[in-house]
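Trainee: This is the structure, below, for whatever I ask next.
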Amino acid sequence: MDADELVRGYLVLGLRLGRLVPGFVDSFTGDPALSRSVDNEPRLHPRALGEHARLLLRELPGTDLADQRKQFLDGHLRALDCTARKLDGQRVSFVDEVQQYFQVRIRPGDEDAYAQAHRELDAVLEGPGTLTDRLTAFRTADEVPARRLQGAVQALSSALRDRVRQKYALPEQEIVEYQVVTNKPWSGFNYYLGGYRSRVAVNADLGHRMSNLPHLVAHESYPGHHTEHCRKDAGLVAKRGHAEQSIFLINTPQCLMAEGMADLGLHAAVGPGWGRWTEQIFGDLGLRMDGELSEKVEAAASGLLTVRQDAALLLHDRGADQDDVVAHLRRWLLVPDRRARQMVRFLADPLWRAYTTTYVEGVRLVRAWLDVRAPGESLDSRYLRLLDEPLTPKSLESQVRDGVSWLARNAHENTI
């Protein structure tokens, strides 16, 4: 099997699985004739699709594809095989399922670390009452009025777009349109439409906060999902012919890469001081926030990163009752019942049940990779590699290990 035939097989396999699992194909910007052909054929049994994935895996090493493309396709074909086997009724443990999708092995977080995060929040949010009361009061004061949500998102998007365009070239015709929606399991969603266009939906049900909104816009648009789609579309697909990058499939390694990178979008685009930066933008809109305090609260709360992944393990690995999962989220994240139940709704969704790991482990892995950059390598150039290259969690983990070893050796040599 030659390289083009194998890549086409991967695209067809992803499209065929998408017919069995609504929402599985997040975007496809490849040959419309290929998509129409799959749409017009009878739906195939999951077992046949799993066999197809394993056939492609066997053929992959013998192609003349570059090693980086082979690594990408290997990880994604294994993820598609797992999806097919689960659809066929095979039992796969939740931890194994996550590993086969995203190339990471998850484990419960440390409740001592959560308690320490609570102490740090307690110190930041001084005043009378319990920590839960003070945090609730902070979050309430920080909310964006529903009628101002669209305008706030547009203002942040414009400011971030200006910054990102200075750092990274984007196609002149790229554009993001925003839509406020309700009754969704997520807070925001990027629909990449092809042609360097995205539609970003923002879920108004969650009561968005001023300190969270810049993260969401950076995540979905600049320099997150929209920026990544545009640059990979223009570079890997149009210039280098990597047709496998024309499809984005849920529950694959590219999801962990994309979500980790997008969650660090504000870190890359603005960095320390993002609170004051946001405060100024909202001030021009007549909205008041304490940017410095917001930044301190987020830094303290970063120790609670794995709580949502713990909730997924409780629900799917340990078979806990949903009310117990809600209680766990309320205890450690200090969120109200309504917000905790919205999180459980996402965790319980058949398509998204494993997806929380992409945010948790994605941030940890991508942040570690950004931090072990070589001397003289800027954060901007390092982040650009995430936007432009077909990197995988497995490759990043290997590079992080090598980078940490190099830094340790260099530090040792400098002390001799």
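Numbering starts fresh at 1 for the residues of each chain in the structure tokens, the chains themselves are lettered A, B, ... in the order given, and ligands are numbered from 1 as they appear.
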So which residues touch His208 (chain A) within 9 Å, counting only C-alpha atoms, skipping near sequence neighbours fewer than 6 positions away, as number ranges by chain?

Mentor: A: 142-146, 149, 187

Trainee: Using only C-alpha atoms, determine which residues lie at most 10 Å from Ala169 (chain A), disregarding the query and same-chain residues fewer than 2 positions distant; provide the list as a list of chain:residue names.

Mentor: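 The residues satisfying every condition are A:Val164, A:Arg165, A:Gln166, A:Lys167, A:Pro171, A:Glu172, A:Thr227, A:Cys230, A:Arg231.
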
Trainee: Would you give me, as JSON lines, each residue of region 308-408 of chain A having an atom within 10 Å of an atom of region 15-25 of chain A, along with its shortest atom pair and that distance in Å to one decimal, using only C-alpha atoms and sorting by chain and residue number?

Mentor:
{"residue": "A:Pro350", "atom": "CA", "partner": "A:Val21", "partner_atom": "CA", "distance": 9.5}
{"residue": "A:Leu351", "atom": "CA", "partner": "A:Phe24", "partner_atom": "CA", "distance": 7.4}
{"residue": "A:Trp352", "atom": "CA", "partner": "A:Phe24", "partner_atom": "CA", "distance": 9.7}

Trainee: Pick the closest to Ala84 (chain A) from A:Asn190, A:Asn251, A:Gln309, A:Gln173: which is it, counting only C-alpha atoms?

Mentor: A:Asn251

Trainee: Pick from A:Val38, A:Ala218, A:Val372, A:Met257: nearest to Trp274 (chain A), with only C-alpha atoms counted?

Mentor: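 Smallest separation from Trp274 (chain A) among the options: A:Ala218.
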
Trainee: Can you pull out the residues contacting region 384-388 of chain A? Cut-off 12 Å, using only C-alpha atoms, and skip same-chain residues under 4 positions away; I want them as a VMD selection string.

Mentor: chain A and resid 164 167 to 170 222 to 237 239 to 240 242 245 254 256 to 262 264 to 265 268 to 269 366 to 367 369 to 370 373 377 to 380 392 to 393 395 to 396

Trainee: Residues of the last selection are to be written out with C-alpha atoms, as a PDB file, in the first residue's frame.

Mentor:
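Saved the output as out-v5.pdb:
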ATOM      1  CA  VAL A 164      -1.544  36.950  17.539  1.00  0.00           C
ATOM      2  CA  LYS A 167       3.415  36.991  16.519  1.00  0.00           C
ATOM      3  CA  TYR A 168       2.259  34.516  13.853  1.00  0.00           C
ATOM      4  CA  ALA A 169       1.278  35.018  10.228  1.00  0.00           C
ATOM      5  CA  LEU A 170      -2.371  34.264   9.507  1.00  0.00           C
ATOM      6  CA  TYR A 222      -6.502  33.378  19.012  1.00  0.00           C
ATOM      7  CA  PRO A 223      -4.041  31.633  19.324  1.00  0.00           C
ATOM      8  CA  GLY A 224      -6.027  28.443  19.994  1.00  0.00           C
ATOM      9  CA  HIS A 225      -8.194  26.242  17.805  1.00  0.00           C
ATOM     10  CA  HIS A 226      -8.964  28.690  15.003  1.00  0.00           C
ATOM     11  CA  THR A 227      -5.325  29.753  14.675  1.00  0.00           C
ATOM     12  CA  GLU A 228      -4.140  26.147  14.694  1.00  0.00           C
ATOM     13  CA  HIS A 229      -6.651  25.099  12.032  1.00  0.00           C
ATOM     14  CA  CYS A 230      -5.679  28.041   9.812  1.00  0.00           C
ATOM     15  CA  ARG A 231      -1.943  27.486  10.045  1.00  0.00           C
ATOM     16  CA  LYS A 232      -2.110  23.707   9.588  1.00  0.00           C
ATOM     17  CA  ASP A 233      -4.546  24.190   6.701  1.00  0.00           C
ATOM     18  CA  ALA A 234      -2.229  26.684   4.998  1.00  0.00           C
ATOM     19  CA  GLY A 235       1.015  24.890   5.844  1.00  0.00           C
ATOM     20  CA  LEU A 236       0.725  21.144   6.356  1.00  0.00           C
ATOM     21  CA  VAL A 237      -2.225  20.585   4.019  1.00  0.00           C
ATOM     22  CA  LYS A 239       1.880  23.478   1.015  1.00  0.00           C
ATOM     23  CA  ARG A 240       3.133  20.072   2.175  1.00  0.00           C
ATOM     24  CA  HIS A 242      -0.380  16.216   4.535  1.00  0.00           C
ATOM     25  CA  GLN A 245      -4.462  16.957   8.673  1.00  0.00           C
ATOM     26  CA  GLN A 254      -4.657  15.417  18.197  1.00  0.00           C
ATOM     27  CA  LEU A 256      -5.047  16.324  23.648  1.00  0.00           C
ATOM     28  CA  MET A 257      -2.505  18.353  21.700  1.00  0.00           C
ATOM     29  CA  ALA A 258      -5.082  20.885  20.544  1.00  0.00           C
ATOM     30  CA  GLU A 259      -6.761  21.331  23.934  1.00  0.00           C
ATOM     31  CA  GLY A 260      -3.501  21.581  25.864  1.00  0.00           C
ATOM     32  CA  MET A 261      -2.172  24.155  23.414  1.00  0.00           C
ATOM     33  CA  ALA A 262      -5.441  26.113  23.387  1.00  0.00           C
ATOM     34  CA  LEU A 264      -2.263  27.772  27.237  1.00  0.00           C
ATOM     35  CA  GLY A 265      -3.259  30.258  24.554  1.00  0.00           C
ATOM     36  CA  ALA A 268       1.377  32.404  24.993  1.00  0.00           C
ATOM     37  CA  ALA A 269      -0.438  35.481  23.665  1.00  0.00           C
ATOM     38  CA  VAL A 366       2.224  21.044  26.726  1.00  0.00           C
ATOM     39  CA  ARG A 367       3.271  23.379  29.560  1.00  0.00           C
ATOM     40  CA  TRP A 369       7.223  20.949  26.777  1.00  0.00           C
ATOM     41  CA  LEU A 370       7.082  24.732  26.473  1.00  0.00           C
ATOM     42  CA  ARG A 373      12.831  24.865  25.413  1.00  0.00           C
ATOM     43  CA  GLU A 377      14.466  29.655  22.004  1.00  0.00           C
ATOM     44  CA  SER A 378      11.543  31.997  22.649  1.00  0.00           C
ATOM     45  CA  LEU A 379       8.120  30.988  23.897  1.00  0.00           C
ATOM     46  CA  ASP A 380       6.646  32.362  20.663  1.00  0.00           C
ATOM     47  CA  THR A 392       1.675  13.901  19.302  1.00  0.00           C
ATOM     48  CA  PRO A 393       1.512  13.465  23.086  1.00  0.00           C
ATOM     49  CA  SER A 395       6.513  12.638  20.969  1.00  0.00           C
ATOM     50  CA  LEU A 396       6.144  15.544  23.403  1.00  0.00           C
TER      51      LEU A 396
END

Trainee: Just list as a PyMOL selection string whatever in region 83-219 of chain A DSSP marks as alpha helix (DSSP H).

Mentor: chain A and resi 83-87+94-102+111-124+131-141+149-167+213-219

Trainee: Could you write out that same residue set with C-alpha atoms as a PDB file, in the first residue's frame?

Mentor:
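Saved to again33.pdb:
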ATOM      1  CA  THR A  83     -13.457   3.489  19.143  1.00  0.00           C
ATOM      2  CA  ALA A  84     -14.481   0.729  16.729  1.00  0.00           C
ATOM      3  CA  ARG A  85     -13.931  -2.012  19.316  1.00  0.00           C
ATOM      4  CA  LYS A  86     -16.013  -0.155  21.888  1.00  0.00           C
ATOM      5  CA  LEU A  87     -18.795   0.330  19.339  1.00  0.00           C
ATOM      6  CA  PHE A  94     -11.782   3.486  31.273  1.00  0.00           C
ATOM      7  CA  VAL A  95      -8.085   4.052  31.997  1.00  0.00           C
ATOM      8  CA  ASP A  96      -7.102   1.908  28.997  1.00  0.00           C
ATOM      9  CA  GLU A  97      -9.657   3.712  26.835  1.00  0.00           C
ATOM     10  CA  VAL A  98      -8.156   7.084  27.726  1.00  0.00           C
ATOM     11  CA  GLN A  99      -4.642   5.825  27.045  1.00  0.00           C
ATOM     12  CA  GLN A 100      -5.547   4.422  23.638  1.00  0.00           C
ATOM     13  CA  TYR A 101      -7.280   7.658  22.660  1.00  0.00           C
ATOM     14  CA  PHE A 102      -4.766  10.177  23.998  1.00  0.00           C
ATOM     15  CA  GLU A 111      -6.044  15.530  47.755  1.00  0.00           C
ATOM     16  CA  ASP A 112      -3.248  16.995  49.883  1.00  0.00           C
ATOM     17  CA  ALA A 113      -2.383  19.193  46.897  1.00  0.00           C
ATOM     18  CA  TYR A 114      -6.038  20.211  46.644  1.00  0.00           C
ATOM     19  CA  ALA A 115      -6.071  21.157  50.312  1.00  0.00           C
ATOM     20  CA  GLN A 116      -2.935  23.256  49.752  1.00  0.00           C
ATOM     21  CA  ALA A 117      -4.650  25.014  46.842  1.00  0.00           C
ATOM     22  CA  HIS A 118      -7.560  25.799  49.164  1.00  0.00           C
ATOM     23  CA  ARG A 119      -5.133  27.326  51.686  1.00  0.00           C
ATOM     24  CA  GLU A 120      -3.605  29.468  48.956  1.00  0.00           C
ATOM     25  CA  LEU A 121      -7.050  30.609  47.815  1.00  0.00           C
ATOM     26  CA  ASP A 122      -7.923  31.362  51.433  1.00  0.00           C
ATOM     27  CA  ALA A 123      -4.866  33.620  51.676  1.00  0.00           C
ATOM     28  CA  VAL A 124      -5.660  35.415  48.413  1.00  0.00           C
ATOM     29  CA  LEU A 131     -13.655  30.180  51.707  1.00  0.00           C
ATOM     30  CA  THR A 132     -16.633  28.878  49.727  1.00  0.00           C
ATOM     31  CA  ASP A 133     -18.612  32.016  50.583  1.00  0.00           C
ATOM     32  CA  ARG A 134     -15.737  34.328  49.632  1.00  0.00           C
ATOM     33  CA  LEU A 135     -15.020  32.489  46.399  1.00  0.00           C
ATOM     34  CA  THR A 136     -18.720  32.521  45.500  1.00  0.00           C
ATOM     35  CA  ALA A 137     -18.847  36.265  46.149  1.00  0.00           C
ATOM     36  CA  PHE A 138     -15.759  36.798  43.989  1.00  0.00           C
ATOM     37  CA  ARG A 139     -17.214  34.734  41.156  1.00  0.00           C
ATOM     38  CA  THR A 140     -20.583  36.502  41.382  1.00  0.00           C
ATOM     39  CA  ALA A 141     -18.974  39.944  41.202  1.00  0.00           C
ATOM     40  CA  LEU A 149     -21.567  38.662  26.718  1.00  0.00           C
ATOM     41  CA  GLN A 150     -21.485  39.019  22.926  1.00  0.00           C
ATOM     42  CA  GLY A 151     -19.804  42.430  23.055  1.00  0.00           C
ATOM     43  CA  ALA A 152     -17.263  41.296  25.648  1.00  0.00           C
ATOM     44  CA  VAL A 153     -16.305  38.285  23.539  1.00  0.00           C
ATOM     45  CA  GLN A 154     -15.927  40.438  20.420  1.00  0.00           C
ATOM     46  CA  ALA A 155     -13.713  42.954  22.229  1.00  0.00           C
ATOM     47  CA  LEU A 156     -11.431  40.259  23.610  1.00  0.00           C
ATOM     48  CA  SER A 157     -11.266  38.528  20.249  1.00  0.00           C
ATOM     49  CA  SER A 158     -10.244  41.741  18.484  1.00  0.00           C
ATOM     50  CA  ALA A 159      -7.514  42.479  21.033  1.00  0.00           C
ATOM     51  CA  LEU A 160      -6.164  38.925  20.958  1.00  0.00           C
ATOM     52  CA  ARG A 161      -6.300  38.796  17.160  1.00  0.00           C
ATOM     53  CA  ASP A 162      -4.105  41.899  16.955  1.00  0.00           C
ATOM     54  CA  ARG A 163      -1.532  40.322  19.265  1.00  0.00           C
ATOM     55  CA  VAL A 164      -1.544  36.950  17.539  1.00  0.00           C
ATOM     56  CA  ARG A 165      -1.201  38.467  14.076  1.00  0.00           C
ATOM     57  CA  GLN A 166       1.939  40.272  15.276  1.00  0.00           C
ATOM     58  CA  LYS A 167       3.415  36.991  16.519  1.00  0.00           C
ATOM     59  CA  LEU A 213     -13.599  34.903  29.271  1.00  0.00           C
ATOM     60  CA  PRO A 214     -10.131  35.837  27.903  1.00  0.00           C
ATOM     61  CA  HIS A 215      -9.042  32.232  28.411  1.00  0.00           C
ATOM     62  CA  LEU A 216     -12.085  30.982  26.518  1.00  0.00           C
ATOM     63  CA  VAL A 217     -11.568  33.356  23.571  1.00  0.00           C
ATOM     64  CA  ALA A 218      -7.841  32.606  23.426  1.00  0.00           C
ATOM     65  CA  HIS A 219      -8.665  28.887  23.620  1.00  0.00           C
TER      66      HIS A 219
END

Trainee: I need the residue nearest Phe282 (chain A) from this list: A:Val200, A:Val363, A:Met210, A:Ile106. Use only C-alpha atoms for the distance.

Mentor: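 Nearest to Phe282 (chain A): A:Met210.
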
Trainee: Closest to Arg197 (chain A) among A:Thr130, A:Thr29, A:Leu11, A:Phe248, using only C-alpha atoms?

Mentor: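 For Arg197 (chain A), the nearest of the candidates is A:Thr29.
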
Trainee: Taking only C-alpha atoms into account, which of A:Ala374, A:Ala299, A:Leu391, A:Met289 comes nearest His76 (chain A)?

Mentor: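 With only C-alpha atoms as the atom set, the closest residue is A:Leu391.
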
Trainee: Return the single residue from A:Arg36, A:Arg209, A:Arg199, A:His316 that is closest to Val92 (chain A), with distances computed using only C-alpha atoms.

Mentor: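 Closest residue, counting only C-alpha atoms: A:His316.
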
Trainee: Could you please write out, as a VMD selection string, every residue of region 22-219 of chain A that DSSP assigns to strand (DSSP E)?

Mentor: chain A and resid 25 to 28 175 to 181 188 to 194 197 to 203

Trainee: Any idea what's packed within 10 Å of region 58-65 of chain A, counting only C-alpha atoms, ignoring anything in its chain fewer than 4 positions away? Could you give it as a PyMOL selection string?

Mentor: chain A and resi 1-7+52-54+69-71+73-74+77+242

Trainee: Please report the interatomic distance between CA of Leu314 (chain A) and CA of Glu220 (chain A) in Å with one decimal.

Mentor: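 Atom-to-atom, CA of Leu314 (chain A) and CA of Glu220 (chain A) are spaced 28.4 Å apart.
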
Trainee: At what distance in Å, to one decimal, does CA of Arg148 (chain A) lie from CA of Arg308 (chain A)?

Mentor: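 Computed distance, CA of Arg308 (chain A) to CA of Arg148 (chain A), equals 28.8 Å.
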
Trainee: To one decimal place, how far is CA of Gly109 (chain A) from CA of Asp371 (chain A) in Å?

Mentor: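 Answer for the CA of Gly109 (chain A) to CA of Asp371 (chain A) separation: 21.9 Å.
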